[in-house]
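**Student:** Take a look at the following structure, please.
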Amino acid sequence: MSSQILVSRPYFDTRVAAQNGSQPLVTNPETAVKENVYAGTSAGLATAGYRSAKYTPEEWLANNSALLNRSVADRDHAERICTESKALKAETDAGTLRTQTVGTKHLGSRLQDIHSWRSELEQLIERLIAETDLLTASRRRLEKALDATEIPFAIATDNLTCRERRFGPDLVEDQVEEELLKEVELIRSIQALLKKTLDQTVNQIRLNREVKQTLELDWSDKQHAYSLDDQCGRFNNRSTDTQRHPSSAVLQEQFYQEQISTPLGEVWRKFTRDNLRLAEREEVASQALRRLIERVLQETSEDLRAQCAAVDQAFNQRCMELSQAKTQLELHLAQILEQIGAQERNISYLQQAVYDKEAPLRVAQSRLHYRTFRPNMEQCRDQPQLSLLGEVSELNSTVSALQQQLYEARKSLSDLEESRLSLEKDISCKTNSLLIDREKCMRHRTRYPSVTVLSGY
């Protein structure tokens, strides 16, 4: 305090100032000013009536000491708060990081659980799809086998009808008629069995698809949950796509209130486990049904063919005499039919060979085409150019040879078809003189389906 002087506020009577309507006046200034420490000096006389209510040095020292003490206390308090704040920040940062780490770890564990269940669902869904496809194929085989039984039934009933036109001593209940009646009864029982098995198959396919749909819905939910939890697991403190959702915790708490008494995740696991068990049960049932279908088709086809063989044997006993010419014609017809099949396979083989040359030819031609765009002196007849030209020429020659061979094979097939038609026409002319058993029944029975057709293939 070199040049400053502590001065207290003088006492002003604001009521008197208000009544006078003028500036407030100092009331009794002598009593308001403390003892002047500069009394008797010219400074004191010169400033008499101006400086008033001055502090004493003791008060100045006390005020200065109080300010210093208060600043020291405030500084200590501020330092303590800073220290506590740093400790609290470190503690909360560690706690927050620990809690966030635990949450991320739990999310990772949850993702592993979801991935495990999802993988099991995927595997079982794939197995169910494969099993349903196999069962659908078995159903088609049943349908084909059931349709195929119409031909033997028509053949057997037609044989019986034709044999009713016999007259004289030949109109007897011989072994052929007994075998034909057995065949008709066998076909009817087989048709009933196939229809029943087909109904079971259709129902099992429906169950397979229903349980597959259940698994797919569960898998879809888990896929969605996995995506969400994976997104949540990727969030961190530097993520820019996070937002505040104050009500999310309250809503989640209210949503899971009813599951408090349930063990953590047990309902979730039980739901998927039950779905898997149901699907496995249907899968086992479907596999058992497929084995049953296979056995039914095999046994029924073998029974039909065995009965067919018995009927044919009975017919053969009634038709001992054969025409040598017809026998040779039939032999040639069988050979022609076999050769037709071989020639058709040969044509398919040649067509595939021609088709297989198209890709290499396109490659070689494309290489030649793009090499024409080489600039300036790069456009030269180098070794690759000569090789490509030779390759294209060789491929063209090969294709031409294959096409020529294909033309000859088709012409040969046409000749074979003409030969087959000629033989069948000649056989038909010769069979016109045969008895009813050979002319109608035996010839009709040559259309009897094979074991493969009767098995539904």
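Identifiers for the structure tokens are assigned positionally: chains receive A, B, ... in sequence, residues are indexed from 1 per chain, and ligands are indexed from 1 in the order shown.
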Need the shell around Asp230 of chain A: protein/DNA/RNA residues with any atom at most 9 Å away, counting only C-alpha atoms. Skip same-chain ones fewer than 6 positions apart. Format as a compact mmCIF listing (two decimals) with N, CA, C and O atoms, in the first residue's frame?

**Tutor:**
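Done, and the output landed in around.txt:
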```txt
# COMPACT_ATOMS: atom_id res chain seq x y z
N LEU A 107 -20.60 -60.41 -24.71
CA LEU A 107 -21.11 -60.38 -26.08
C LEU A 107 -20.37 -61.39 -26.95
O LEU A 107 -20.99 -62.08 -27.77
N GLY A 108 -19.06 -61.48 -26.78
CA GLY A 108 -18.29 -62.47 -27.54
C GLY A 108 -18.71 -63.89 -27.21
O GLY A 108 -18.84 -64.74 -28.11
N LEU A 111 -21.97 -64.48 -28.85
CA LEU A 111 -21.80 -64.71 -30.28
C LEU A 111 -21.34 -66.14 -30.55
O LEU A 111 -21.79 -66.77 -31.51
```

**Student:** Taking 6 positions as the minimum chain separation for residues in the same chain, which residues sit within 9 Å of segment 204-216 of chain A when counting only C-alpha atoms? Answer as a list in words.

**Tutor:**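 Near segment 204-216 of chain A, the qualifying residues are Leu121, Glu122, Leu124, Ile125, Leu128, Ile129, Glu131, Thr132, Asp133, Leu135, Thr136, Thr272, Asn275, Leu276, Leu278, Ala279, Glu282, Glu283, Ala285, Ser286 and Leu289 of chain A.
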
**Student:** Just want the 7 Å neighbourhood of segment 395-401 of chain A, counted on only C-alpha atoms, with same-chain residues fewer than 4 positions away dropped. Output as number ranges by chain.

**Tutor:** A: 354, 357, 361, 391, 405

**Student:** Deliver the residues from the most recent selection as a file, using N, CA, C and O atoms, as a CSV table (one decimal), in the first residue's frame.

**Tutor:**
```csv
chain,number,residue,atom,x,y,z
A,354,VAL,N,-18.2,-82.8,-80.8
A,354,VAL,CA,-18.2,-81.5,-81.6
A,354,VAL,C,-18.4,-80.3,-80.7
A,354,VAL,O,-17.8,-79.3,-80.9
A,357,LYS,N,-15.3,-79.2,-78.9
A,357,LYS,CA,-14.3,-78.5,-79.7
A,357,LYS,C,-14.6,-77.0,-79.9
A,357,LYS,O,-13.8,-76.2,-80.4
A,361,LEU,N,-11.9,-73.8,-80.0
A,361,LEU,CA,-11.9,-73.0,-81.2
A,361,LEU,C,-12.1,-71.6,-80.9
A,361,LEU,O,-11.5,-70.7,-81.5
A,391,GLU,N,-3.3,-74.2,-84.8
A,391,GLU,CA,-4.3,-74.7,-83.9
A,391,GLU,C,-5.7,-74.6,-84.5
A,391,GLU,O,-6.6,-75.5,-84.4
A,405,GLN,N,-18.3,-87.7,-89.6
A,405,GLN,CA,-18.6,-88.9,-88.9
A,405,GLN,C,-20.0,-88.9,-88.3
A,405,GLN,O,-20.7,-90.0,-88.3
```

**Student:** Looking at only C-alpha atoms, which of A:Leu194, A:Ala94, A:Gln352, A:Asp437 is the one that sits closest to Glu177 of chain A?

**Tutor:**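 That would be A:Asp437, the residue with the smallest distance to Glu177 of chain A.
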
**Student:** What is the distance, in Å and to one decimal place, between atom CA of Ile155 of chain A and atom CA of Arg445 of chain A?

**Tutor:**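 For atom CA of Ile155 of chain A relative to atom CA of Arg445 of chain A, the distance reads 6.3 Å.
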
**Student:** By how many Å are atom CA of Asn236 of chain A and atom CA of Ala87 of chain A apart?

**Tutor:**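 It comes out at 23.6 Å.
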
**Student:** Taking only C-alpha atoms into account, name the residue in A:Arg305, A:Arg80, A:Arg438, A:Arg290 that is nearest to Leu142 of chain A.

**Tutor:**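 That would be A:Arg290, the residue with the smallest distance to Leu142 of chain A.
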